[in-house]
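Contents: one structure, followed by commentary.
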Amino acid sequence: MFAPEFPLMRDGTDIVLNGLTYRLAILGTQETEFLAPRALSDGRNLQSGDLQAFRKVVELLEELAQTVNSLNERLLDRCDGLTNRALSLLLGSPSVSPAFKRALQPYMFGLLKHGCNVLTERGSVIVPPMPRASFEREVQSLPAAERGRVSWSCVLDNVFDPVPLATQGFYLFESDEDHARFEASLGPEYAETCDKLRALFNQAIEEPASITAEHWDTLDRLSQKAIDLQKAPIEAALESGPEAVRGVATRVRMTCDAEGHLSVRATHYAKEFAAELGECSRLLLAMRDAAPSWATELRAVLEDLAAWCLDGTEQESWGESRPLWVAADDADNLIDVNLTFEEKVSRIGSKGGLQLLACSFDSVPEALREVYASVREQARRQNLNIVFLRQLVVGGGASNYTLAGEKLPDPAGRPRYKVMIFTNTTRTAMVLCNAPLIASATDWPMDDLDRMADSAKLGVLFHEYGHTLGDYAEFLGDLGGSVEETNAEASAIYQTCRLAPDHLEPVVVLEACWTPVRRAMQGPTESHSHANIVLFDELLKAGAVRVEDNGKRKLVRAIDIDCAVDVAWGIAQRMRLWEVGIPIERQTPLIEPFAPEDRGQDERVARARRRYVESLAEAERASLRQAVVEECRAYFAIERLYEVSRPLQEVIATMPGFQAVSVVPTDRRFGLLLQR
């Protein structure tokens, strides 16, 4: 038996990207295997043919995930998905040297995790592990037929361009010349920023030992500045362009004239990705045919999804989830499938990334059953469909990381929501994989992490529940996601107090003490990080949490749980008022003190909020919305986020020097990297 050319990465392997150490946690067969029950809810035993049919469905879902991954990477990568395909070709070719492949491993993992060569949480381009000449030598070693399948100059130009694009692959320049004219139009400040960025980036490639933590921090800040300078003219062009360019399910192409003026046009995803969606439809119909005839809900969802993939109406509502998918909750069907473009992932405005979540239904954990019954009663008033699931197969927007929870809304007024809690990844990836970090960053005892893992499921449930109590504000552009996530994070704390008070302490420690530290480690550029960092700052200022030095390390400690609940309630209300266009100076009469026993309080406050907005003239509403935009822009400004996260950085400095990164390795290209 031949030894491998190089050892594959495994659970616990440390990966270094841009000076950050990630410790890999692979959620493999043990956590994601399809485990069918012996019998259905009516006591009827499953037959061997039924089990084989469901396993065939899972096999086809894994095939579907490969198409979903490929399509989604086209939206994330400025080279239309070519970057990851090309470098995977190098990693899998027997013509490429083992030494090169080994050096490429961590870099390739970063590309697969993010769908492109930009660190999602930090906005900076991932620094390649060797100079361009090394890549070019290995490309030349490929057989001519393989080498000719890829435009290598395009790929390597992208890999070695240190300036991230705000546009990603959601918005494409019609030509390299258009892109060059656009960058030239951004002026001397942008040019100077890019020059500094190139110098640091090249130094990191050529002299990696000379790069300090301060250098990496500077690289991140320069990258974020470059993105911000790009965004203003692009956002202005989108605002003045045709309505379709602002749609969630449209891909935009841009031209730039000699004066720097941008023109934009849109192509609906249904047309842009017709070939990939056609393949998705074929596989979904094959699943429908493979599923047992009695699994009527699953078969109906698969058929509806297949029809949606071929629906070429090019309407904005095409990108939304459908009622049949949202209503699906019959555990006797064993598998729950969601394929949607709803995830808002663009750095500019709202754009959807394709995401596949295929799960098996899971029972409510014993420790949470009483609480869950209470939550279900409250949820019925909000028209929520709450299900506990185990992730089996993931693809696209969820392909290379794990989700703790997800919320799907009905279209057309959103009268109903599907709130999904993923029990395997919440427990394993969110808590247990981070055990040494949680123990270092908080005063929560290591031997009580099982209780926190159970409570974490409720924290996720109430976070997703909180999303349904707000209303995503399109007028806020890319700030809308930050406001929505802050509302959801704050909701997780006060809803736990109201509906599951026995779990309040671990949820507060998790959401108010540990998660802000985790987000600060990741970087303050993404909407979830915005939410946790600003919530921590509000809790710190109010005295609900405190950063302490215990003589060995610094940690975040919950000081006043009741205060934390009150602060969370106040922040959630502020975010929801911002979402309907009410600035801070008008908010006080619309906020009332938190009443934990009043389960109708959210609805009552929401009705008062709606009545107030409806009483305003349209001109006044527009003026107030503009004021809200300015308040949100200041509240979530990147420099402010860096400033308020300084206490968290003090904690991070005394912690173990790694971040946990978990992955469900459905993407077959992980086979080139990971030992499962």
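Ordering of the structure tokens sets the chain letters (A, B, ...); residue numbers start at 1 within each chain; ligands are numbered from 1 in the order shown.
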
Practice prompt. Might you pull out every residue within 6 Å of stretch 29-43 of chain A, with only C-alpha atoms counted and same-chain residues fewer than 2 positions away left off, and present them as a PyMOL selection string?
Written response: chain A and resi 27+45-46+332+392

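Compared by their closest atoms to A:Met287, and using only C-alpha atoms, the residues A:Asn383, A:Arg55, A:Trp444, A:Phe273 rank with A:Arg55 nearest.
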
Practice prompt. Can you list, as number ranges by chain, all residues belonging to stretch 17-184 of chain A that DSSP tags as alpha helix (DSSP H)?
Written response: A: 29-32, 48-76, 82-92, 98-114, 132-141, 144-147, 152-159, 176-184

Practice prompt. Could you please write out, as a PyMOL selection string, every residue of stretch 297-419 of chain A that DSSP assigns to strand (DSSP E or B)?
Written response: chain A and resi 335-344+352-361+384-396+405-409+417-419

Practice prompt. Would you work out the distance separating atom CA of A:Ile438 from atom CA of A:Ile652, expressed in Å to one decimal?
Written response: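 Atom CA of A:Ile652 lies at a distance of 11.0 Å from atom CA of A:Ile438.
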
Worksheet item: Which is closest to A:Ile205 among A:Lys271, A:Arg322, A:Arg132, A:Arg607, if we use only C-alpha atoms?
Response: A:Arg132

Item to complete: Calculate how many Å separate atom CA of A:Arg149 from atom CA of A:Ser70, rounding to one decimal.
Response: 16.1 Å
